[in-house]
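Structure file start_12.cif with mmCIF, C-alpha atoms and all ligand atoms:
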data_query
loop_
_atom_site.label_atom_id
_atom_site.label_comp_id
_atom_site.auth_asym_id
_atom_site.auth_seq_id
_atom_site.Cartn_x
_atom_site.Cartn_y
_atom_site.Cartn_z
CA MET R 150 -21.29 5.83 -1.65
CA LYS R 151 -20.22 8.97 -3.51
CA ASP R 152 -18.36 11.89 -1.94
CA ARG R 153 -19.17 15.59 -2.51
CA PHE R 154 -17.24 15.57 -5.78
CA GLY R 155 -18.97 12.52 -7.25
CA ARG R 156 -16.14 10.06 -6.53
CA GLU R 157 -17.36 6.57 -5.66
CA ILE R 158 -15.60 5.52 -2.44
CA ASP R 159 -15.31 1.75 -2.53
CA TYR R 160 -11.85 1.02 -1.13
CA LEU R 161 -10.42 1.01 2.40
CA ARG R 162 -6.73 0.65 3.22
CA VAL R 163 -6.16 -0.71 6.69
CA SER R 164 -2.89 -0.32 8.57
CA VAL R 165 -2.95 -3.20 11.05
CA THR R 166 0.27 -2.20 12.78
CA ASP R 167 2.84 0.58 12.85
CA ARG R 168 5.55 -1.96 13.76
CA CYS R 169 8.00 -3.01 11.11
CA ASN R 170 10.98 -5.32 10.75
CA PHE R 171 12.57 -2.86 8.26
CA ARG R 172 13.66 0.73 8.73
CA CYS R 173 13.26 2.17 5.24
CA LEU R 174 14.96 5.52 5.31
CA TYR R 175 12.11 7.24 3.46
CA CYS R 176 9.38 5.81 5.72
CA LEU R 177 10.36 5.10 9.29
CA PRO R 178 12.44 7.51 11.27
CA SER R 179 14.11 5.95 14.23
CA PRO R 180 13.36 5.73 16.99
CA ILE R 181 9.57 5.83 16.71
CA THR R 182 7.03 5.84 19.50
CA LEU R 183 4.92 2.73 19.11
CA LEU R 184 1.18 3.29 19.08
CA PRO R 185 -1.55 1.38 20.89
CA LEU R 186 -3.13 -0.70 18.10
CA LEU R 187 -6.76 -1.44 17.32
CA SER R 188 -7.60 -5.05 18.05
CA TYR R 189 -8.52 -7.31 15.13
CA GLU R 190 -12.13 -7.41 16.33
CA GLU R 191 -12.24 -3.62 16.30
CA ILE R 192 -10.85 -3.48 12.77
CA LEU R 193 -13.32 -6.14 11.61
CA ASN R 194 -16.16 -4.01 12.98
CA VAL R 195 -14.98 -1.16 10.76
CA VAL R 196 -14.73 -3.52 7.78
CA ARG R 197 -18.32 -4.73 8.35
CA ALA R 198 -19.66 -1.18 8.59
CA SER R 199 -17.70 -0.20 5.47
CA VAL R 200 -19.25 -3.02 3.48
CA SER R 201 -22.71 -1.84 4.38
CA LEU R 202 -21.81 1.54 2.81
CA GLY R 203 -20.58 0.01 -0.44
CA ILE R 204 -16.87 -0.32 0.35
CA LYS R 205 -15.99 -3.74 -1.02
CA LYS R 206 -12.22 -3.68 -1.54
CA PHE R 207 -9.70 -3.74 1.27
CA ARG R 208 -5.92 -3.57 1.36
CA ILE R 209 -4.12 -4.69 4.49
CA THR R 210 -0.92 -2.81 5.08
CA GLY R 211 1.16 -1.34 7.90
CA GLY R 212 3.95 -0.95 9.14
CA GLU R 213 4.63 -4.50 8.14
CA PRO R 214 1.37 -6.47 8.34
CA LEU R 215 3.13 -9.84 8.47
CA VAL R 216 4.85 -8.99 11.76
CA ARG R 217 1.55 -8.70 13.59
CA ARG R 218 0.66 -11.85 15.49
CA ASP R 219 -2.20 -13.96 14.04
CA ILE R 220 -2.32 -11.96 10.85
CA ILE R 221 -3.57 -15.00 8.92
CA TYR R 222 -6.51 -15.31 11.33
CA PHE R 223 -7.35 -11.66 10.68
CA LEU R 224 -7.09 -11.99 6.90
CA LYS R 225 -9.35 -15.05 6.92
CA GLU R 226 -11.93 -13.25 9.08
CA ALA R 227 -11.89 -10.22 6.79
CA LEU R 228 -12.29 -12.45 3.74
CA SER R 229 -15.25 -14.21 5.31
CA ILE R 230 -17.30 -11.04 5.82
CA LYS R 231 -20.34 -11.06 3.56
CA GLY R 232 -20.03 -8.41 0.87
CA VAL R 233 -16.22 -8.20 0.97
CA GLU R 234 -15.09 -8.64 -2.64
CA LYS R 235 -11.33 -8.26 -2.45
CA VAL R 236 -8.77 -8.39 0.31
CA SER R 237 -5.19 -7.63 -0.75
CA LEU R 238 -1.94 -7.28 1.11
CA THR R 239 1.01 -4.88 0.87
CA THR R 240 4.19 -6.22 2.42
CA ASN R 241 7.94 -5.74 2.44
CA GLY R 242 8.12 -9.45 1.64
CA TYR R 243 10.61 -10.43 4.32
CA LEU R 244 8.24 -12.93 5.94
CA LEU R 245 6.47 -14.06 2.77
CA GLY R 246 8.29 -17.40 2.79
CA ASP R 247 7.16 -18.11 6.36
CA PHE R 248 3.51 -17.55 5.43
CA ALA R 249 3.57 -18.60 1.77
CA ARG R 250 1.38 -21.67 2.11
CA GLU R 251 -1.30 -19.97 4.19
CA LEU R 252 -1.27 -16.83 2.05
CA SER R 253 -1.71 -18.83 -1.10
CA ASN R 254 -4.66 -20.78 0.32
CA ILE R 255 -6.92 -18.22 1.92
CA GLY R 256 -8.21 -16.40 -1.15
CA LEU R 257 -6.31 -13.12 -1.15
CA HIS R 258 -6.90 -11.10 -4.29
CA SER R 259 -3.33 -9.81 -4.69
CA ILE R 260 -0.06 -9.17 -2.88
CA ASN R 261 2.09 -6.11 -3.49
CA VAL R 262 5.72 -6.53 -2.47
CA SER R 263 7.94 -3.52 -1.98
CA ILE R 264 11.42 -3.95 -3.44
CA ASN R 265 13.42 -0.78 -3.83
CA SER R 266 16.69 -2.25 -4.98
CA LEU R 267 17.91 -5.37 -6.78
CA ASP R 268 21.37 -4.95 -5.32
CA ARG R 269 21.96 -6.65 -1.98
CA ASN R 270 24.00 -3.82 -0.44
CA ASN R 271 21.78 -1.06 -1.74
CA PHE R 272 18.70 -2.94 -0.52
CA GLN R 273 20.27 -3.04 2.92
CA LYS R 274 21.21 0.64 2.74
CA ILE R 275 17.58 1.57 2.00
CA THR R 276 15.78 -0.84 4.33
CA GLY R 277 18.35 -1.36 7.08
CA VAL R 278 18.11 -5.14 6.57
CA ASP R 279 20.18 -7.56 4.48
CA GLY R 280 16.99 -9.14 3.20
CA LEU R 281 16.82 -9.06 -0.59
CA LYS R 282 17.50 -12.80 -0.99
CA LYS R 283 14.83 -13.72 1.55
CA VAL R 284 12.27 -11.46 -0.12
CA ILE R 285 12.94 -12.94 -3.57
CA GLU R 286 12.77 -16.45 -2.14
CA GLY R 287 9.43 -15.64 -0.52
CA ILE R 288 8.03 -14.47 -3.84
CA LYS R 289 9.33 -17.60 -5.56
CA GLN R 290 7.62 -19.77 -2.95
CA LEU R 291 4.32 -18.02 -3.55
CA LEU R 292 4.70 -18.46 -7.30
CA ASP R 293 5.62 -22.14 -6.87
CA LEU R 294 2.46 -22.59 -4.84
CA GLY R 295 0.51 -21.10 -7.72
CA PHE R 296 -0.57 -17.93 -5.93
CA GLY R 297 -2.85 -15.94 -8.22
CA GLY R 298 -2.37 -18.32 -11.13
CA ALA R 299 -1.07 -16.52 -14.18
CA SER R 300 -3.06 -13.39 -13.43
CA GLY R 301 -0.25 -11.20 -12.13
CA ALA R 302 -1.60 -11.17 -8.59
CA ILE R 303 1.87 -10.37 -7.26
CA LYS R 304 3.11 -6.88 -8.03
CA ILE R 305 6.45 -5.31 -7.19
CA ASN R 306 6.34 -1.73 -5.88
CA THR R 307 9.48 0.35 -6.17
CA VAL R 308 9.67 3.82 -4.65
CA LEU R 309 11.92 6.02 -6.78
CA LEU R 310 14.65 7.42 -4.54
CA LYS R 311 17.13 9.90 -5.93
CA ASN R 312 20.74 8.88 -5.32
CA TYR R 313 19.62 5.43 -4.13
CA ASN R 314 17.93 3.52 -6.92
CA GLU R 315 17.52 5.76 -9.94
CA ASP R 316 20.33 3.88 -11.68
CA GLU R 317 18.44 0.60 -11.19
CA VAL R 318 15.27 1.65 -12.96
CA LEU R 319 16.31 0.14 -16.28
CA GLU R 320 17.18 -3.15 -14.61
CA PHE R 321 13.75 -3.25 -12.93
CA ALA R 322 12.10 -2.52 -16.28
CA ARG R 323 14.04 -5.31 -18.00
CA ILE R 324 12.53 -7.85 -15.59
CA THR R 325 9.25 -7.40 -17.45
CA GLN R 326 10.98 -8.56 -20.65
CA ASP R 327 12.02 -11.85 -19.07
CA TYR R 328 9.04 -12.55 -16.78
CA THR R 329 5.30 -11.89 -16.80
CA ALA R 330 5.83 -9.55 -13.90
CA THR R 331 4.26 -6.25 -12.91
CA ILE R 332 6.68 -3.62 -11.66
CA ARG R 333 5.27 -0.34 -10.42
CA PHE R 334 7.38 2.75 -9.88
CA ILE R 335 6.08 5.07 -7.18
CA GLU R 336 7.12 8.68 -6.82
CA TYR R 337 8.51 9.37 -3.39
CA MET R 338 6.12 11.55 -1.37
CA PRO R 339 7.95 13.93 0.94
CA CYS R 340 5.89 13.24 4.00
CA GLY R 341 8.13 11.55 6.53
CA ASN R 342 11.01 13.40 8.10
CA TRP R 343 13.72 12.08 5.85
CA GLU R 344 16.21 14.92 6.04
CA THR R 345 16.57 15.72 2.39
CA SER R 346 12.90 15.09 1.69
CA SER R 347 11.89 16.89 -1.48
CA GLY R 348 15.43 16.72 -2.86
CA ASN R 349 14.87 12.98 -3.17
CA ILE R 350 11.99 13.13 -5.62
CA ILE R 351 12.60 11.69 -9.07
CA ASN R 352 10.03 12.80 -11.57
CA GLY R 353 8.16 9.79 -12.96
CA ASP R 354 8.00 11.21 -16.49
CA GLU R 355 11.78 11.33 -16.55
CA ILE R 356 11.83 7.60 -15.80
CA ILE R 357 9.29 6.85 -18.54
CA LYS R 358 11.54 8.72 -20.97
CA GLN R 359 14.67 6.87 -19.84
CA ILE R 360 13.04 3.45 -20.16
CA SER R 361 11.70 4.29 -23.63
CA GLU R 362 15.10 5.51 -24.80
CA LYS R 363 17.31 2.84 -23.21
CA VAL R 364 15.23 -0.33 -22.88
CA GLY R 365 12.55 -0.21 -25.54
CA GLU R 366 9.33 1.30 -26.75
CA LEU R 367 6.68 1.59 -24.05
CA VAL R 368 3.15 0.85 -25.18
CA ARG R 369 0.34 2.27 -23.04
CA ILE R 370 -2.12 -0.31 -21.71
CA SER R 371 -5.43 1.33 -21.18
CA ASP R 372 -7.89 -1.09 -19.73
CA ILE R 373 -6.63 -2.79 -16.59
CA SER R 374 -9.30 -3.51 -14.04
CA GLY R 375 -8.32 -2.60 -10.49
CA SER R 376 -5.39 -0.57 -11.72
CA GLY R 377 -6.10 2.13 -9.12
CA PRO R 378 -3.93 5.19 -9.51
CA ALA R 379 -1.30 3.43 -11.65
CA ARG R 380 -0.75 4.18 -15.34
CA TYR R 381 0.35 0.99 -17.08
CA TYR R 382 2.66 0.31 -19.98
CA ARG R 383 4.19 -2.73 -21.61
CA LEU R 384 7.56 -2.91 -23.29
CA LYS R 385 6.90 -3.77 -26.91
CA ASP R 386 6.98 -7.58 -27.38
CA SER R 387 7.02 -8.22 -23.60
CA ASN R 388 4.36 -9.76 -21.40
CA GLY R 389 5.19 -8.01 -18.15
CA LYS R 390 3.73 -4.65 -17.18
CA ILE R 391 5.30 -1.45 -15.94
CA GLY R 392 3.14 0.83 -13.84
CA PHE R 393 3.68 4.38 -12.69
CA ILE R 394 2.10 5.88 -9.60
CA LEU R 395 2.97 9.57 -9.65
CA PRO R 396 1.22 11.28 -6.76
CA VAL R 397 3.53 14.30 -6.83
CA SER R 398 3.94 15.15 -10.52
CA GLN R 399 0.56 13.79 -11.63
CA PRO R 400 -1.81 13.69 -8.67
CA PHE R 401 -4.71 11.29 -9.11
CA CYS R 402 -6.99 12.96 -6.57
CA ALA R 403 -9.79 13.31 -9.13
CA GLU R 404 -10.08 9.52 -9.28
CA CYS R 405 -9.28 8.79 -5.64
CA ASN R 406 -11.68 6.15 -4.34
CA ARG R 407 -10.23 5.40 -0.93
CA LEU R 408 -10.31 5.90 2.80
CA ARG R 409 -7.65 4.83 5.26
CA LEU R 410 -7.87 3.36 8.73
CA THR R 411 -4.76 4.06 10.79
CA ALA R 412 -3.18 1.48 13.06
CA ASP R 413 -4.33 3.44 16.12
CA GLY R 414 -7.94 3.89 15.06
CA TYR R 415 -8.41 7.04 13.02
CA LEU R 416 -10.15 7.34 9.67
CA LYS R 417 -8.39 9.43 7.06
CA SER R 418 -9.99 10.50 3.83
CA CYS R 419 -6.72 11.76 2.33
CA LEU R 420 -3.21 10.36 2.78
CA LEU R 421 -1.59 13.78 2.70
CA SER R 422 -3.92 15.70 4.96
CA ASP R 423 -3.84 15.99 8.73
CA ASN R 424 -7.62 15.69 8.90
CA GLU R 425 -8.72 12.46 10.53
CA ILE R 426 -11.63 11.23 12.60
CA ASP R 427 -11.25 9.25 15.82
CA ILE R 428 -13.18 6.01 15.35
CA LYS R 429 -11.48 4.21 18.23
CA HIS R 430 -13.58 5.89 20.89
CA ILE R 431 -16.77 4.47 19.35
CA LEU R 432 -15.21 1.03 19.00
CA ARG R 433 -14.25 1.07 22.67
CA GLU R 434 -16.96 3.07 24.39
CA THR R 435 -20.23 2.20 22.71
CA LYS R 436 -21.36 -1.06 24.26
CA ASP R 437 -24.59 -1.80 22.42
CA GLU R 438 -23.49 -3.64 19.24
CA ARG R 439 -26.26 -2.36 16.98
CA ARG R 440 -25.72 1.20 18.09
CA LYS R 441 -21.98 0.77 17.65
CA SER R 442 -22.39 -0.33 14.01
CA LYS R 443 -24.62 2.66 13.36
CA GLU R 444 -22.11 5.06 14.91
CA ILE R 445 -19.21 3.56 12.96
CA GLU R 446 -21.22 3.98 9.76
CA GLU R 447 -21.89 7.61 10.67
CA VAL R 448 -18.16 8.24 11.10
CA ILE R 449 -17.38 6.60 7.77
CA ILE R 450 -20.04 8.73 6.06
CA LYS R 451 -18.54 11.82 7.70
CA ALA R 452 -15.06 10.87 6.45
CA ILE R 453 -16.41 10.34 2.92
CA LEU R 454 -18.20 13.67 2.94
CA ASN R 455 -15.11 15.42 4.32
CA LYS R 456 -12.85 14.00 1.62
CA PRO R 457 -10.95 16.92 0.09
CA LEU R 458 -10.85 17.49 -3.65
CA SER R 459 -7.06 17.28 -3.73
CA HIS R 460 -4.13 16.73 -1.43
CA SER R 461 -1.99 19.33 0.21
CA HIS R 462 1.45 17.70 0.65
CA LYS R 463 1.56 17.68 4.42
CA ARG R 464 4.96 16.46 5.50
CA ASN R 465 4.46 15.20 8.99
CA ALA R 466 2.45 12.06 8.26
CA LEU R 467 4.04 8.81 9.41
CA MET R 468 3.48 6.26 6.63
CA SER R 469 3.79 3.22 8.87
CA ARG R 470 0.82 4.44 10.90
CA ILE R 471 -1.29 5.26 7.85
CA GLY R 472 -0.25 2.38 5.63
CA GLY R 473 0.99 4.25 2.57
N1 LIG R 501 5.67 -2.53 4.97
C1 LIG R 501 4.89 -2.70 3.80
C2 LIG R 501 5.66 -2.29 2.56
O1 LIG R 501 6.70 -1.65 2.71
O2 LIG R 501 5.20 -2.62 1.48
C3 LIG R 501 3.55 -2.00 3.84
C4 LIG R 501 3.52 -0.61 4.41
S1 LIG R 501 4.31 0.65 3.45
C5 LIG R 501 4.00 2.08 4.42
C6 LIG R 501 3.19 0.77 2.08
C7 LIG R 501 3.79 1.38 0.83
O3 LIG R 501 4.07 2.75 1.08
C8 LIG R 501 5.09 0.75 0.39
O4 LIG R 501 5.03 0.45 -1.01
C9 LIG R 501 6.11 1.82 0.64
O5 LIG R 501 7.22 1.75 -0.21
C10 LIG R 501 5.27 3.07 0.42
N2 LIG R 501 5.82 4.28 1.01
C11 LIG R 501 6.19 4.50 2.29
N3 LIG R 501 6.64 5.76 2.45
C12 LIG R 501 6.53 6.37 1.24
C13 LIG R 501 6.81 7.66 0.75
N4 LIG R 501 7.29 8.61 1.54
N5 LIG R 501 6.55 7.93 -0.55
C14 LIG R 501 6.05 6.98 -1.37
N6 LIG R 501 5.75 5.73 -0.96
C15 LIG R 501 5.99 5.42 0.32
FE1 LIG R 502 8.50 -0.84 6.97
FE2 LIG R 502 7.15 -0.71 4.69
FE3 LIG R 502 7.86 1.53 5.97
FE4 LIG R 502 9.72 0.06 4.83
S1 LIG R 502 8.04 1.11 3.77
S2 LIG R 502 9.81 0.90 6.91
S3 LIG R 502 8.96 -1.97 5.09
S4 LIG R 502 6.45 0.03 6.69
#
Would you mind writing the file's structure down as structure tokens?
Ligand code: SAM
Ligand code: SF4
Amino acid sequence: MKDRFGREIDYLRVSVTDRCNFRCLYCLPSPITLLPLLSYEEILNVVRASVSLGIKKFRITGGEPLVRRDIIYFLKEALSIKGVEKVSLTTNGYLLGDFARELSNIGLHSINVSINSLDRNNFQKITGVDGLKKVIEGIKQLLDLGFGGASGAIKINTVLLKNYNEDEVLEFARITQDYTATIRFIEYMPCGNWETSSGNIINGDEIIKQISEKVGELVRISDISGSGPARYYRLKDSNGKIGFILPVSQPFCAECNRLRLTADGYLKSCLLSDNEIDIKHILRETKDERRKSKEIEEVIIKAILNKPLSHSHKRNALMSRIGG
């Protein structure tokens, strides 16, 4: 279904939990008040209604999705819904090893793993957990099990954080010279309550320039299906890819194709807007199943039609609730 500005909305990001086993300084303030979560059945009802409106791609995120009990059951159920084309996962990777076999068997389209530092101590400084080794091991296990074949179904997401990892950017980029990996640099969005918020933004173009000057020529790759908001490059003579997601310096609102379902049952049509619609009350209060599906569809249509043309940089959004 198209929104008022002609954008085809075909993608729903679902935060299945606001809980997390990390405390990334740019995402989760501490302490947080934990929210009452939608049940899996409630989320699946939203997925079914979404499919009937042409939303075919889903990304499961959080908080940390792998900390929620029975997550594999939920992923399998979502994948089995008729009309669902792609289910992907975004994770901090800490529990990937524990679930590697199941994750590689159920038919997930892709897994994005967030790694913001390649240095053990810095990783711990950013996430609050001494977990880099475990994350890398989890990825290796998935690769050993053949997850995604050679299609680059595992991507590494790195949020650019001034004074924390800007000096590691070149090292991240060099990985794509040695491996057929996809590394994506994401501009930090000042929307949590990290004290020095906007002072922490590193401009993505600056990073592109640095990589070109210090690592090698970057060649733009134009036609990557499912690339979403990322702009992709390749280092000349390398097989890996380097992506840039620059929501602050180069907003991609004009091509935005997504809605978000928060962990506590609200539909958001823009990550950086406070506008959201309560869908939980329908899920809980409407008893007749057919009527419930109709009402959920109506809310989704409303969210699509309310989708703003561009974002407004609200700062009080909690990413773990919305799913990034
Ligand atoms: N826990 C999982 C993870 O970290 O990948 C999934 C949830 S996390 C909220 C989803 C994505 O949002 C991650 O790639 C994370 O780095 C990113 N993120 C969180 N806060 C952000 C911020 N303020 N600016 C940019 N990206 C952010
Ligand atoms: Fe947890 Fe992901 Fe937020 Fe880090 S970015 S605190 S891993 S939800």
Selection: 8 Å around Glu446 of chain R, only C-alpha atoms, excl. self and same-chain fewer than 6 positions, as a PyMOL selection string: chain R and resi 198-199+202
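Using only C-alpha atoms, the set of residues no farther than 8 Å from the position (-8.7, 10.1, 9.5) comprises Arg409, Leu410, Thr411, Tyr415, Leu416, Lys417, Ser418, Cys419, Asp423, Asn424, Glu425, Ile426, Asp427 and Ala452 of chain R.
Shortest atom-to-atom contact with ligand LIG 501 (chain R) among R:Val397, R:Leu458, R:Leu186, R:Ala322: R:Val397, counting all atoms listed in the file.
The spacing separating atom CA of Ile209 of chain R from atom CA of Thr435 of chain R amounts to 25.3 Å.
Nearest to ligand LIG 502 (chain R) of all the residues R:Gly392, R:Gly473, R:Pro180, R:Pro339 is R:Gly473, based on only C-alpha atoms and all ligand atoms.
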Surrounding residues as a ChimeraX atom specification, ligand LIG 501 (chain R), max 6 Å, all atoms listed in the file: /R:175-176,210-213,239-241,262-263,306,308,336-341,468-469,472-473
For the residues selected in the previous step, produce a file with C-alpha atoms as a PDB file, in the frame of the given file.
ATOM      1  CA  TYR R 175      12.110   7.240   3.460  1.00  0.00           C
ATOM      2  CA  CYS R 176       9.380   5.810   5.720  1.00  0.00           C
ATOM      3  CA  THR R 210      -0.920  -2.810   5.080  1.00  0.00           C
ATOM      4  CA  GLY R 211       1.160  -1.340   7.900  1.00  0.00           C
ATOM      5  CA  GLY R 212       3.950  -0.950   9.140  1.00  0.00           C
ATOM      6  CA  GLU R 213       4.630  -4.500   8.140  1.00  0.00           C
ATOM      7  CA  THR R 239       1.010  -4.880   0.870  1.00  0.00           C
ATOM      8  CA  THR R 240       4.190  -6.220   2.420  1.00  0.00           C
ATOM      9  CA  ASN R 241       7.940  -5.740   2.440  1.00  0.00           C
ATOM     10  CA  VAL R 262       5.720  -6.530  -2.470  1.00  0.00           C
ATOM     11  CA  SER R 263       7.940  -3.520  -1.980  1.00  0.00           C
ATOM     12  CA  ASN R 306       6.340  -1.730  -5.880  1.00  0.00           C
ATOM     13  CA  VAL R 308       9.670   3.820  -4.650  1.00  0.00           C
ATOM     14  CA  GLU R 336       7.120   8.680  -6.820  1.00  0.00           C
ATOM     15  CA  TYR R 337       8.510   9.370  -3.390  1.00  0.00           C
ATOM     16  CA  MET R 338       6.120  11.550  -1.370  1.00  0.00           C
ATOM     17  CA  PRO R 339       7.950  13.930   0.940  1.00  0.00           C
ATOM     18  CA  CYS R 340       5.890  13.240   4.000  1.00  0.00           C
ATOM     19  CA  GLY R 341       8.130  11.550   6.530  1.00  0.00           C
ATOM     20  CA  MET R 468       3.480   6.260   6.630  1.00  0.00           C
ATOM     21  CA  SER R 469       3.790   3.220   8.870  1.00  0.00           C
ATOM     22  CA  GLY R 472      -0.250   2.380   5.630  1.00  0.00           C
ATOM     23  CA  GLY R 473       0.990   4.250   2.570  1.00  0.00           C
TER      24      GLY R 473
END
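Distances to ligand LIG 502 (chain R) were evaluated for R:Ile192, R:Cys402, R:Ala379, R:Leu238 using all atoms listed in the file, and the minimum falls at R:Leu238.
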Shell of 7 Å around Gly246 of chain R, only C-alpha atoms, local chain residues under 2 positions omitted, as a ChimeraX atom specification: /R:244,248-249,286-287,290
Expected answer as a PyMOL selection string: all residues with atoms within 12 Å of (-14.4, 1.5, 11.6), only C-alpha atoms: chain R and resi 161-163+187-202+204+408-417+426-433+441-452
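Proximity ranking of R:Ile324, R:Val278, R:Ile158, R:Leu184 relative to ligand LIG 502 (chain R) places R:Val278 first, based on all atoms listed in the file.
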